[in-house]
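*Asks:* Take this structure first; my questions come after.
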Amino acid sequence: MNDEILIDIKNVKKYFPLSKKWFAEKRYVKAVDGISFFIKKGETFGLVGESGCGKSTTGRLINGLIKVDSGEVNFKGTNLANVSEKSWKQYRKPMQMVFQDPYASLSPRMKVKDILLEPLLIHYPKMPRNEKKMLVTELLEKCGISEFHLDKYPHEFSGGQRQRIGIARSLILRPELIIADEPVSALDVSIQSQILNLMKDLQEEFGLTYLFISHDLSVVEHISDRVGVMYLGSLVEIATKQQIFEDPKHPYTQALLSSIPQPDPKKKRESVILSGEIPSASNPPSGCKFHTRCPVAMDICKEKVPELQQLDIEQNVACHLY
Ligand SMILES: Nc1ncnc2c1ncn2[C@@H]1O[C@H](COP(=O)(O)OP(=O)(O)OP(=O)(O)O)[C@@H](O)[C@H]1O
Ligand SMILES: [Mg+2]
């Protein structure tokens with residue numbers, strides 16, 4: 001890994017309108033509410049947080065599936081928010097997605113080989129057929145799908161094998177960034193670690209950069225170099241994996257961590273129980289959005305939005321305690 005920055009996001013916002021009726025009072029779901037972070041080339045940035053906190057929206061904003069309301073999404077120094085629809089094409093290849101449910105994202109009527117050939121036909125129409133076939137076979141093999149399975153359909157595979165095919169497809173155009181949105185959440189725990197190991201091997205072999213989205217901290221711990229913790233559209237802590245798992249600073253990160261079972265009693269974490277429900281993203285609490293559930297909330301937390309501030313090299317926290 002080097003220090004080159006591949007993705008640099010600055011104060012990005014995305015609000016979804018709740019009502020389309022023109023006479024209704026305009027209300028919005030503040031899905032992403034001013035977040036900033038960067039991803040270095042070759043690293044895995046894990047994005048975690050409870051359901052609905054804006055993780056998938058962040059991924060979709062980066063790869064241009066949806067447009068930002070404001071802020072910058074810089075990819076290798078180009079702000080994609082300013083790029084025209086036409087010029088966007090050149091960024092489709094270097095950024096690819098892997099989804100939670102490969103069954104839904106793989107065309108059921110296509111054979112495995114055709115699923116991988118399709119992007120090549122579109123992007124490299126002049127490539128000889130033999131060469132295309134060789135690329136497809138080689139890549140599937142690397143992902144653990146043997147040549148004998150090329151003529152099968154997605155439904156003939158297990159969930160784990162289907163995710164291998166989904167990963168292979170995401171790599172066929174040799175992307176630089178993979179946005180993996182809950183890629184192992186639908187799989188059994190034993191299969192999860194196989195897929196995570198495969199992703200690590202492929203990262204090394206192809207020099208890939210990952211944005212790895214998951215609600216599951218133990219999965220994120222397995223694969224990430226740095227981690228961002230999201231709560232109701234905001235990033236509350238960004239730090240290295242070691243800092244997050246050994247010395248979490250934000251009360252929300254501490255609460256998320258204390259809910260993971262810890263087999264080693266010596267490493268037992270202090271238990272932090274979150275009170276109350278997650279507030280609605282259309283009407284988030286004032287000040288620090290976490291104050292309604294925070295075990296150590298103070299008066300200032302209701303009034304003032306805490307800025308993300310640097311506590312240590314690489315450890316940034318948005319909390320009035322610091
Ligand atoms: N296209 C959309 N239109 C309206 N609201 C949306 C849209 N997409 C997402 N939202 C809302 O934005 C918020 C964030 O959603 P998002 O899917 O990014 O969360 P998430 O962290 O990925 O959750 P999960 O862990 O359940 O996948 C949610 O309140 C969601 O209902
Ligand atoms: Mg999601």
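Ligands are numbered from 1 in the order shown, residues from 1 within each chain, and chains are lettered A, B, ... in the order they appear in the structure tokens.
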Can you list, as a PyMOL selection string, all residues belonging to range 91-134 of chain A that DSSP tags as strand (DSSP E)?
*Replies:* chain A and resi 95-98
*Asks:* Determine, counting only C-alpha atoms, which protein, DNA and RNA residues have an atom within 10 Å of an atom of Leu274 in chain A; residues of the same chain fewer than 4 positions away are not included. Present the result as a tab-separated table (two decimals) with N, CA, C and O atoms, in the first residue's frame.
*Replies:*
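Result written to part.tsv:
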chain	number	residue	atom	x	y	z
A	251	PRO	N	-18.63	7.04	21.81
A	251	PRO	CA	-19.53	6.15	22.57
A	251	PRO	C	-20.34	5.22	21.67
A	251	PRO	O	-20.67	4.09	22.07
A	252	TYR	N	-20.65	5.66	20.44
A	252	TYR	CA	-21.39	4.78	19.54
A	252	TYR	C	-20.52	3.62	19.07
A	252	TYR	O	-20.98	2.48	19.03
A	255	ALA	N	-20.32	1.21	21.83
A	255	ALA	CA	-21.55	0.42	21.98
A	255	ALA	C	-21.63	-0.67	20.91
A	255	ALA	O	-21.98	-1.82	21.21
A	256	LEU	N	-21.29	-0.33	19.67
A	256	LEU	CA	-21.33	-1.33	18.60
A	256	LEU	C	-20.38	-2.48	18.92
A	256	LEU	O	-20.71	-3.65	18.76
A	259	SER	N	-21.34	-5.09	21.56
A	259	SER	CA	-22.38	-6.06	21.20
A	259	SER	C	-21.80	-7.26	20.43
A	259	SER	O	-22.53	-8.20	20.15
A	278	ILE	N	-33.35	3.72	17.05
A	278	ILE	CA	-32.66	4.64	16.16
A	278	ILE	C	-33.66	5.71	15.74
A	278	ILE	O	-34.73	5.38	15.24
A	292	THR	N	-29.53	11.20	21.89
A	292	THR	CA	-30.72	10.57	22.50
A	292	THR	C	-30.45	9.14	22.98
A	292	THR	O	-31.21	8.59	23.77
A	293	ARG	N	-29.37	8.53	22.50
A	293	ARG	CA	-29.07	7.15	22.92
A	293	ARG	C	-27.72	7.05	23.63
A	293	ARG	O	-27.30	5.97	24.01
A	294	CYS	N	-27.05	8.17	23.78
A	294	CYS	CA	-25.68	8.13	24.28
A	294	CYS	C	-25.66	8.02	25.81
A	294	CYS	O	-26.31	8.79	26.50
A	295	PRO	N	-24.91	7.05	26.35
A	295	PRO	CA	-24.88	6.88	27.80
A	295	PRO	C	-24.14	8.01	28.53
A	295	PRO	O	-24.29	8.16	29.74
*Asks:* When you count only C-alpha atoms, which of these residues is closest to Asn74 in chain A: A:Lys10, A:Arg129, A:Arg60, A:Lys55?
*Replies:*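 That would be A:Lys10, the residue with the smallest distance to Asn74 in chain A.
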*Asks:* Give as a ChimeraX atom specification the residues surrounding ligand 1 up to a distance of 9 Å, considering only C-alpha atoms and all ligand atoms.
*Replies:* /A:14-18,28-32,48-60,66,181-182,213-215,230-233,280-282
*Asks:* Which residue is closest to Asn316 in chain A? Choose from A:Ile5, A:Lys126, A:Ser36, A:Gln254 and count only C-alpha atoms.
*Replies:* A:Ser36
*Asks:* Just the residues within 7 Å of Gln96 in chain A, please, counting only C-alpha atoms, with nothing from its chain fewer than 3 positions along; format it as a PyMOL selection string.
*Replies:* chain A and resi 93+170+175+177-179
*Asks:* Between A:Gln243, A:Ser234, A:Thr137, A:Ser87, which has the minimum distance to Asp33 in chain A (counting only C-alpha atoms)?
*Replies:*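 Of A:Gln243, A:Ser234, A:Thr137, A:Ser87, the one nearest Asp33 in chain A is A:Ser234, counting only C-alpha atoms.
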*Asks:* So how many Å separate CA of Cys143 in chain A and CA of Asn197 in chain A, to one decimal?
*Replies:*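 For CA of Cys143 in chain A relative to CA of Asn197 in chain A, the distance reads 10.7 Å.
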*Asks:* Give me the residues near Ala318 in chain A as JSON, numbers by chain, where near means some atom within 9 Å (using only C-alpha atoms) and where sequence neighbours in that chain fewer than 4 positions away do not count.
*Replies:* {"A": [235, 236, 237, 250, 288, 305, 306, 307, 308, 309, 310, 322]}
*Asks:* So that I have them on file, write out the residues from the current selection with all heavy atoms, as an mmCIF file, in the first residue's frame.
*Replies:*
data_model
loop_
_atom_site.group_PDB
_atom_site.id
_atom_site.type_symbol
_atom_site.label_atom_id
_atom_site.label_comp_id
_atom_site.auth_asym_id
_atom_site.auth_seq_id
_atom_site.Cartn_x
_atom_site.Cartn_y
_atom_site.Cartn_z
ATOM 1 N N LEU A 235 -20.553 10.547 9.770
ATOM 2 C CA LEU A 235 -19.448 9.708 10.226
ATOM 3 C C LEU A 235 -19.067 10.162 11.624
ATOM 4 O O LEU A 235 -18.751 11.338 11.836
ATOM 5 C CB LEU A 235 -18.249 9.851 9.282
ATOM 6 C CG LEU A 235 -18.292 8.930 8.064
ATOM 7 C CD1 LEU A 235 -17.285 9.374 7.023
ATOM 8 C CD2 LEU A 235 -18.044 7.474 8.455
ATOM 9 N N VAL A 236 -19.108 9.255 12.600
ATOM 10 C CA VAL A 236 -18.805 9.651 13.978
ATOM 11 C C VAL A 236 -17.368 9.308 14.369
ATOM 12 O O VAL A 236 -16.815 9.907 15.285
ATOM 13 C CB VAL A 236 -19.792 9.037 15.000
ATOM 14 C CG1 VAL A 236 -21.207 9.546 14.726
ATOM 15 C CG2 VAL A 236 -19.752 7.525 15.001
ATOM 16 N N GLU A 237 -16.769 8.333 13.688
ATOM 17 C CA GLU A 237 -15.377 8.005 13.971
ATOM 18 C C GLU A 237 -14.737 7.391 12.726
ATOM 19 O O GLU A 237 -15.345 6.571 12.045
ATOM 20 C CB GLU A 237 -15.296 7.014 15.157
ATOM 21 C CG GLU A 237 -13.865 6.689 15.563
ATOM 22 C CD GLU A 237 -13.745 6.157 17.002
ATOM 23 O OE1 GLU A 237 -14.774 6.005 17.693
ATOM 24 O OE2 GLU A 237 -12.593 5.898 17.409
ATOM 25 N N HIS A 250 -15.450 6.969 20.188
ATOM 26 C CA HIS A 250 -16.832 7.463 20.192
ATOM 27 C C HIS A 250 -17.739 6.497 20.970
ATOM 28 O O HIS A 250 -17.623 5.276 20.803
ATOM 29 C CB HIS A 250 -17.339 7.604 18.754
ATOM 30 C CG HIS A 250 -18.546 8.484 18.657
ATOM 31 N ND1 HIS A 250 -19.801 8.078 19.035
ATOM 32 C CD2 HIS A 250 -18.671 9.776 18.262
ATOM 33 C CE1 HIS A 250 -20.658 9.070 18.864
ATOM 34 N NE2 HIS A 250 -19.996 10.114 18.398
ATOM 35 N N CYS A 288 -25.646 16.701 18.474
ATOM 36 C CA CYS A 288 -25.094 15.393 18.113
ATOM 37 C C CYS A 288 -26.267 14.435 17.935
ATOM 38 O O CYS A 288 -27.052 14.225 18.864
ATOM 39 C CB CYS A 288 -24.159 14.882 19.211
ATOM 40 S SG CYS A 288 -23.662 13.173 18.917
ATOM 41 N N VAL A 305 -23.570 20.606 17.036
ATOM 42 C CA VAL A 305 -23.121 19.467 16.231
ATOM 43 C C VAL A 305 -21.616 19.305 16.432
ATOM 44 O O VAL A 305 -20.866 20.253 16.210
ATOM 45 C CB VAL A 305 -23.414 19.713 14.727
ATOM 46 C CG1 VAL A 305 -22.916 18.538 13.885
ATOM 47 C CG2 VAL A 305 -24.894 19.959 14.501
ATOM 48 N N PRO A 306 -21.149 18.139 16.876
ATOM 49 C CA PRO A 306 -19.706 17.974 17.054
ATOM 50 C C PRO A 306 -18.986 17.799 15.717
ATOM 51 O O PRO A 306 -19.456 17.064 14.865
ATOM 52 C CB PRO A 306 -19.599 16.699 17.906
ATOM 53 C CG PRO A 306 -20.853 15.953 17.638
ATOM 54 C CD PRO A 306 -21.917 16.940 17.238
ATOM 55 N N GLU A 307 -17.901 18.504 15.555
ATOM 56 C CA GLU A 307 -17.094 18.371 14.327
ATOM 57 C C GLU A 307 -16.198 17.143 14.455
ATOM 58 O O GLU A 307 -15.789 16.785 15.561
ATOM 59 C CB GLU A 307 -16.178 19.590 14.163
ATOM 60 C CG GLU A 307 -16.892 20.910 14.001
ATOM 61 C CD GLU A 307 -17.449 21.088 12.602
ATOM 62 O OE1 GLU A 307 -16.794 20.615 11.655
ATOM 63 O OE2 GLU A 307 -18.535 21.670 12.465
ATOM 64 N N LEU A 308 -15.869 16.548 13.303
ATOM 65 C CA LEU A 308 -14.890 15.463 13.314
ATOM 66 C C LEU A 308 -13.524 16.079 13.611
ATOM 67 O O LEU A 308 -13.080 16.982 12.912
ATOM 68 C CB LEU A 308 -14.889 14.803 11.937
ATOM 69 C CG LEU A 308 -14.433 13.357 11.818
ATOM 70 C CD1 LEU A 308 -15.275 12.408 12.641
ATOM 71 C CD2 LEU A 308 -14.469 12.927 10.358
ATOM 72 N N GLN A 309 -12.880 15.654 14.704
ATOM 73 C CA GLN A 309 -11.574 16.230 15.033
ATOM 74 C C GLN A 309 -10.538 15.128 15.208
ATOM 75 O O GLN A 309 -10.865 13.995 15.588
ATOM 76 C CB GLN A 309 -11.678 17.055 16.322
ATOM 77 C CG GLN A 309 -12.304 16.267 17.457
ATOM 78 C CD GLN A 309 -12.130 16.942 18.804
ATOM 79 O OE1 GLN A 309 -11.124 17.586 19.045
ATOM 80 N NE2 GLN A 309 -13.104 16.771 19.674
ATOM 81 N N GLN A 310 -9.303 15.481 14.922
ATOM 82 C CA GLN A 310 -8.240 14.492 14.980
ATOM 83 C C GLN A 310 -7.743 14.340 16.420
ATOM 84 O O GLN A 310 -7.341 15.300 17.051
ATOM 85 C CB GLN A 310 -7.086 14.922 14.075
ATOM 86 C CG GLN A 310 -6.044 13.839 13.950
ATOM 87 C CD GLN A 310 -5.028 14.145 12.864
ATOM 88 O OE1 GLN A 310 -5.114 15.155 12.172
ATOM 89 N NE2 GLN A 310 -4.057 13.275 12.715
ATOM 90 N N TYR A 322 -14.288 15.074 23.708
ATOM 91 C CA TYR A 322 -12.856 15.258 23.437
ATOM 92 C C TYR A 322 -12.568 16.690 23.033
ATOM 93 O O TYR A 322 -13.434 17.368 22.509
ATOM 94 C CB TYR A 322 -12.400 14.297 22.336
ATOM 95 C CG TYR A 322 -12.710 12.856 22.685
ATOM 96 C CD1 TYR A 322 -13.826 12.235 22.153
ATOM 97 C CD2 TYR A 322 -11.919 12.166 23.602
ATOM 98 C CE1 TYR A 322 -14.145 10.932 22.503
ATOM 99 C CE2 TYR A 322 -12.223 10.854 23.948
ATOM 100 C CZ TYR A 322 -13.338 10.243 23.396
ATOM 101 O OH TYR A 322 -13.649 8.964 23.743
#
*Asks:* Please determine, counting only C-alpha atoms and all ligand atoms, which residue among A:Ser185, A:Thr209, A:Asn63, A:Gln315 has the shortest atom-to-atom distance to ligand 2.
*Replies:* A:Ser185
*Asks:* So which bits of range 50-145 of chain A end up alpha helix (DSSP H) when you DSSP the backbone, as number ranges by chain?
*Replies:* A: 55-62, 89-92, 102-105, 112-123, 129-142
*Asks:* With distances taken over only C-alpha atoms, which of A:Glu43, A:Glu303, A:Glu221, A:Glu147 is nearest to Glu176 in chain A?
*Replies:*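 Smallest separation from Glu176 in chain A among the options: A:Glu43.
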*Asks:* Using only C-alpha atoms, which residues sit within 7 Å of range 151-165 of chain A once same-chain residues fewer than 6 positions away are excluded, as number ranges by chain?
*Replies:* A: 102-103, 106, 108-113, 140, 143-144, 187, 191
*Asks:* Can you work out which one of A:Lys41, A:Lys249, A:Phe75, A:Gln100 has the shortest atom-to-atom distance to ligand 2, counting only C-alpha atoms and all ligand atoms?
*Replies:*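 Among the listed residues, A:Gln100 lies closest to ligand 2.
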*Asks:* CA of Leu211 in chain A to CA of Ala81 in chain A: how many Å, to one decimal?
*Replies:*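 Atom-to-atom, CA of Leu211 in chain A to CA of Ala81 in chain A, that is 18.5 Å.
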*Asks:* For Lys241 in chain A, list every protein, DNA or RNA residue within 6 Å, evaluated using only C-alpha atoms, and leave out those in the same chain fewer than 4 positions away; present the list as an MDAnalysis selection string.
*Replies:* chainID A and resid 225:227
*Asks:* Those same residues, written as a PDB file, in the first residue's frame with N, CA, C and O atoms?
*Replies:*
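Output below, filename again.pdb:
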ATOM      1  N   ASP A 225      -8.422  -2.128   6.598  1.00  0.00           N
ATOM      2  CA  ASP A 225      -7.241  -1.448   7.112  1.00  0.00           C
ATOM      3  C   ASP A 225      -7.681  -0.264   7.962  1.00  0.00           C
ATOM      4  O   ASP A 225      -7.166  -0.042   9.043  1.00  0.00           O
ATOM      5  N   ARG A 226      -8.630   0.507   7.443  1.00  0.00           N
ATOM      6  CA  ARG A 226      -9.213   1.601   8.223  1.00  0.00           C
ATOM      7  C   ARG A 226     -10.727   1.444   8.207  1.00  0.00           C
ATOM      8  O   ARG A 226     -11.291   0.796   7.332  1.00  0.00           O
ATOM      9  N   VAL A 227     -11.376   2.071   9.191  1.00  0.00           N
ATOM     10  CA  VAL A 227     -12.816   1.886   9.355  1.00  0.00           C
ATOM     11  C   VAL A 227     -13.491   3.239   9.590  1.00  0.00           C
ATOM     12  O   VAL A 227     -12.961   4.089  10.306  1.00  0.00           O
TER      13      VAL A 227
END
*Asks:* Tell me which protein, DNA and RNA residues are within 8 Å of Leu116 in chain A, counting only C-alpha atoms, leaving out same-chain ones fewer than 2 positions away, and put them as a PyMOL selection string.
*Replies:* chain A and resi 112-114+118-120+136+168-169+172
*Asks:* Those selected residues, please, written with N, CA and C atoms and delivered as a short mmCIF file (atom, residue, chain, number, x, y, z; two decimals), in the first residue's frame.
*Replies:*
data_model
loop_
_atom_site.label_atom_id
_atom_site.label_comp_id
_atom_site.auth_asym_id
_atom_site.auth_seq_id
_atom_site.Cartn_x
_atom_site.Cartn_y
_atom_site.Cartn_z
N VAL A 112 -22.84 -18.81 -16.99
CA VAL A 112 -21.76 -18.13 -16.28
C VAL A 112 -20.77 -17.49 -17.24
N LYS A 113 -20.39 -18.20 -18.28
CA LYS A 113 -19.38 -17.64 -19.19
C LYS A 113 -19.90 -16.38 -19.87
N ASP A 114 -21.21 -16.36 -20.18
CA ASP A 114 -21.77 -15.19 -20.85
C ASP A 114 -21.89 -13.99 -19.90
N GLU A 118 -20.08 -10.65 -21.28
CA GLU A 118 -20.87 -9.49 -21.67
C GLU A 118 -20.12 -8.15 -21.53
N PRO A 119 -19.52 -7.87 -20.35
CA PRO A 119 -18.79 -6.59 -20.25
C PRO A 119 -17.63 -6.49 -21.24
N LEU A 120 -17.00 -7.61 -21.55
CA LEU A 120 -15.89 -7.58 -22.52
C LEU A 120 -16.39 -7.23 -23.92
N VAL A 136 -11.90 -14.94 -19.34
CA VAL A 136 -13.04 -15.35 -18.52
C VAL A 136 -12.70 -16.62 -17.74
N ALA A 168 -15.99 -12.33 -9.65
CA ALA A 168 -15.27 -12.47 -10.91
C ALA A 168 -15.79 -11.47 -11.94
N ARG A 169 -17.11 -11.34 -11.99
CA ARG A 169 -17.67 -10.39 -12.97
C ARG A 169 -17.22 -8.96 -12.68
N ILE A 172 -13.67 -8.40 -14.22
CA ILE A 172 -13.32 -8.74 -15.60
C ILE A 172 -12.77 -7.53 -16.37
#
